[in-house]
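Reviewing the structure listed below.
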Amino acid sequence: TRDSKERNLKQALGEIDRMASALGLPENVRETASVIYRRALNEDLLPGRSIEGVATSSLYAAARQAGTPRSLDEITQVSRVEKDEIARTYRYVVRELGLEVAPADPESYVPRFASDLNLSDESERRARQLLKSAKQAGIHSGKSPVGLAAASVYAASLLTNEKVTQSDVSEVANISEVTIRNRYHELLEAEDGITT
């Protein structure tokens with residue numbers, strides 16, 4: 001069994017590296033993901049689950065713990081596993097290993113989206129302000145952090161006169177234009193409510 005565990009680990013770490021590279025995740029996230037995977041292996045959480053599924057879930061958890069989260073859709077794009085299996089395995093691994101994973105903060109997605117869209121620092125600052133207002137107004141709860149981040153970046157680009165389309169943002173954030181439009185209106189209303 002030691003041999004099969006070694007092979008299993010080698011395969012999983014290869015997967016984690018491949019996906020982390022594709023997602024542009026830093027070294028510390030890969031290391032954390034490897035640690036989470038090793039713990040899952042040592043605590044016998046793998047029977048009935050695929051190596052890829054547990055490897056993907058470990059990376060998803062590690063990215064969130066490090067404050068460099070990737071959305072489930074982004075993770076699914078580079079994984080060899082279906083979205084439902086990733087979500088299910090992720091919940092199982094987090095529960096069984098007692099991992100501390102805070103809900104993803106919309107603000108943690110802003111720098112990456114702003115950078116991918118070549119927006120200015122001013123735009124990025126403005127996006128963060130919009131998200132802070134949304135938090136104060138309480139409109140962020142229950143909403144997708146990725147959707148809120150995308151909408152804040154879009155709204156900020158308009159407020160700072162940087163020409164970015166909803167479809168540009170939709171592509172970078174991997175989220176629908178409809179979601180961006182809906183959140184965008186809520187963000188601006190929240191800010192108006194606070195400033196008036």
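A note on labels: chains of the structure tokens are A, B, ... as shown, every chain counts residues from 1, and ligands are counted from 1 in their shown order.
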
Could you give me, as a PDB file with N, CA, C and O atoms, in the first residue's frame, the residues within 10 Å of Glu124 of chain A, counting only C-alpha atoms and dropping anything in the same chain fewer than 3 positions from it?
```pdb
ATOM      1  N   GLU A 107     -13.471  41.697  -2.391  1.00  0.00           N
ATOM      2  CA  GLU A 107     -12.309  42.571  -2.595  1.00  0.00           C
ATOM      3  C   GLU A 107     -11.066  41.804  -3.024  1.00  0.00           C
ATOM      4  O   GLU A 107     -10.198  42.348  -3.700  1.00  0.00           O
ATOM      5  N   VAL A 110     -10.652  41.781  -6.820  1.00  0.00           N
ATOM      6  CA  VAL A 110     -10.530  43.057  -7.540  1.00  0.00           C
ATOM      7  C   VAL A 110      -9.154  43.274  -8.186  1.00  0.00           C
ATOM      8  O   VAL A 110      -9.083  43.605  -9.374  1.00  0.00           O
ATOM      9  N   PRO A 111      -8.029  43.089  -7.445  1.00  0.00           N
ATOM     10  CA  PRO A 111      -6.728  43.364  -8.067  1.00  0.00           C
ATOM     11  C   PRO A 111      -6.495  42.550  -9.346  1.00  0.00           C
ATOM     12  O   PRO A 111      -5.992  43.082 -10.335  1.00  0.00           O
ATOM     13  N   ARG A 112      -6.891  41.284  -9.326  1.00  0.00           N
ATOM     14  CA  ARG A 112      -6.659  40.441 -10.504  1.00  0.00           C
ATOM     15  C   ARG A 112      -7.516  40.890 -11.681  1.00  0.00           C
ATOM     16  O   ARG A 112      -7.030  41.021 -12.805  1.00  0.00           O
ATOM     17  N   PHE A 113      -8.816  41.173 -11.426  1.00  0.00           N
ATOM     18  CA  PHE A 113      -9.690  41.616 -12.509  1.00  0.00           C
ATOM     19  C   PHE A 113      -9.187  42.944 -13.070  1.00  0.00           C
ATOM     20  O   PHE A 113      -9.118  43.131 -14.276  1.00  0.00           O
ATOM     21  N   ALA A 114      -8.835  43.876 -12.174  1.00  0.00           N
ATOM     22  CA  ALA A 114      -8.361  45.200 -12.611  1.00  0.00           C
ATOM     23  C   ALA A 114      -7.098  45.061 -13.448  1.00  0.00           C
ATOM     24  O   ALA A 114      -6.944  45.706 -14.490  1.00  0.00           O
ATOM     25  N   SER A 115      -6.202  44.182 -13.002  1.00  0.00           N
ATOM     26  CA  SER A 115      -4.950  43.973 -13.719  1.00  0.00           C
ATOM     27  C   SER A 115      -5.201  43.333 -15.092  1.00  0.00           C
ATOM     28  O   SER A 115      -4.641  43.770 -16.100  1.00  0.00           O
ATOM     29  N   LEU A 119      -6.650  48.237 -15.869  1.00  0.00           N
ATOM     30  CA  LEU A 119      -7.253  49.423 -15.274  1.00  0.00           C
ATOM     31  C   LEU A 119      -6.249  50.124 -14.360  1.00  0.00           C
ATOM     32  O   LEU A 119      -5.309  49.514 -13.863  1.00  0.00           O
ATOM     33  N   SER A 120      -6.490  51.410 -14.115  1.00  0.00           N
ATOM     34  CA  SER A 120      -5.589  52.197 -13.276  1.00  0.00           C
ATOM     35  C   SER A 120      -5.776  51.861 -11.799  1.00  0.00           C
ATOM     36  O   SER A 120      -6.765  51.248 -11.410  1.00  0.00           O
ATOM     37  N   ASP A 121      -4.802  52.311 -10.983  1.00  0.00           N
ATOM     38  CA  ASP A 121      -4.910  52.137  -9.529  1.00  0.00           C
ATOM     39  C   ASP A 121      -6.145  52.860  -9.010  1.00  0.00           C
ATOM     40  O   ASP A 121      -6.808  52.399  -8.088  1.00  0.00           O
ATOM     41  N   ALA A 127     -13.248  50.635  -7.078  1.00  0.00           N
ATOM     42  CA  ALA A 127     -13.972  49.357  -7.004  1.00  0.00           C
ATOM     43  C   ALA A 127     -14.053  48.896  -5.549  1.00  0.00           C
ATOM     44  O   ALA A 127     -15.096  48.438  -5.086  1.00  0.00           O
ATOM     45  N   ARG A 128     -12.941  49.060  -4.826  1.00  0.00           N
ATOM     46  CA  ARG A 128     -12.925  48.666  -3.407  1.00  0.00           C
ATOM     47  C   ARG A 128     -13.894  49.513  -2.593  1.00  0.00           C
ATOM     48  O   ARG A 128     -14.565  49.009  -1.693  1.00  0.00           O
ATOM     49  N   GLN A 129     -13.945  50.816  -2.896  1.00  0.00           N
ATOM     50  CA  GLN A 129     -14.875  51.717  -2.189  1.00  0.00           C
ATOM     51  C   GLN A 129     -16.315  51.260  -2.403  1.00  0.00           C
ATOM     52  O   GLN A 129     -17.105  51.223  -1.455  1.00  0.00           O
ATOM     53  N   SER A 152     -18.222  45.653  -9.408  1.00  0.00           N
ATOM     54  CA  SER A 152     -17.540  46.814  -8.830  1.00  0.00           C
ATOM     55  C   SER A 152     -16.437  47.311  -9.753  1.00  0.00           C
ATOM     56  O   SER A 152     -16.226  48.512  -9.909  1.00  0.00           O
ATOM     57  N   VAL A 153     -15.750  46.382 -10.406  1.00  0.00           N
ATOM     58  CA  VAL A 153     -14.691  46.756 -11.345  1.00  0.00           C
ATOM     59  C   VAL A 153     -15.300  47.454 -12.565  1.00  0.00           C
ATOM     60  O   VAL A 153     -14.796  48.477 -13.040  1.00  0.00           O
ATOM     61  N   ALA A 156     -16.540  50.915 -11.426  1.00  0.00           N
ATOM     62  CA  ALA A 156     -15.388  51.789 -11.177  1.00  0.00           C
ATOM     63  C   ALA A 156     -14.778  52.273 -12.489  1.00  0.00           C
ATOM     64  O   ALA A 156     -14.384  53.438 -12.610  1.00  0.00           O
ATOM     65  N   SER A 157     -14.726  51.389 -13.491  1.00  0.00           N
ATOM     66  CA  SER A 157     -14.141  51.791 -14.784  1.00  0.00           C
ATOM     67  C   SER A 157     -14.976  52.899 -15.426  1.00  0.00           C
ATOM     68  O   SER A 157     -14.441  53.808 -16.049  1.00  0.00           O
ATOM     69  N   THR A 160     -14.412  56.238 -13.500  1.00  0.00           N
ATOM     70  CA  THR A 160     -13.098  56.856 -13.721  1.00  0.00           C
ATOM     71  C   THR A 160     -12.833  57.058 -15.220  1.00  0.00           C
ATOM     72  O   THR A 160     -11.700  57.297 -15.636  1.00  0.00           O
TER      73      THR A 160
END
```

Sort by chain and increasing residue number a table of all residues of segment 92-156 of chain A within 8 Å of segment 163-176 of chain A, each with its closest pair of atoms and their distance in Å to one decimal, counting only C-alpha atoms, and write it as a tab-separated table.
```
residue	atom	partner	partner_atom	distance
A:Phe113	CA	A:Val172	CA	6.4
A:Asp116	CA	A:Val172	CA	6.8
A:Leu117	CA	A:Val172	CA	7.5
A:Val146	CA	A:Ala173	CA	7.0
A:Gly147	CA	A:Ile175	CA	6.7
A:Ala150	CA	A:Ala173	CA	6.1
A:Val153	CA	A:Val169	CA	7.7
A:Tyr154	CA	A:Val169	CA	6.6
```

- Query: Between A:Ser108, A:Thr68, A:Thr56, A:Asn42, which one has atoms that come closest to Ala87 of chain A, using only C-alpha atoms?
  - Reply: A:Thr56

- Item | segment 4-7 of chain A environment, 12 Å, only C-alpha atoms, sequence neighbours closer than 4 positions dropped, as a ChimeraX atom specification | /A:11-14,37-38,40-42,44,46-47,51

- Nearest-residue call for Leu45 of chain A, choices A:Asn182, A:Ser141, A:Thr89, A:Asn161, using only C-alpha atoms: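 For Leu45 of chain A, the nearest of the candidates is A:Thr89.
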
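Using only C-alpha atoms, the contacts of Glu85 of chain A at a cut-off of 12 Å, with sequence neighbours closer than 2 positions omitted, comprise Gly48, Arg49, Ser50, Ile51, Glu52, Gly53, Val54, Ala55, Thr56, Ser57, Leu72, Ile75, Thr76, Ser79, Arg80, Val81, Glu82, Lys83, Ala87, Arg88, Thr89, Tyr90, Arg91, Tyr92 and Val93 of chain A.
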
- Between atom CA of Ser71 of chain A and atom CA of Ser34 of chain A - distance in Å to one decimal: 19.3 Å

- Quick one, how far is atom CA of Glu186 of chain A from atom CA of Ala66 of chain A?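 Distance between the two atoms: 28.5 Å.
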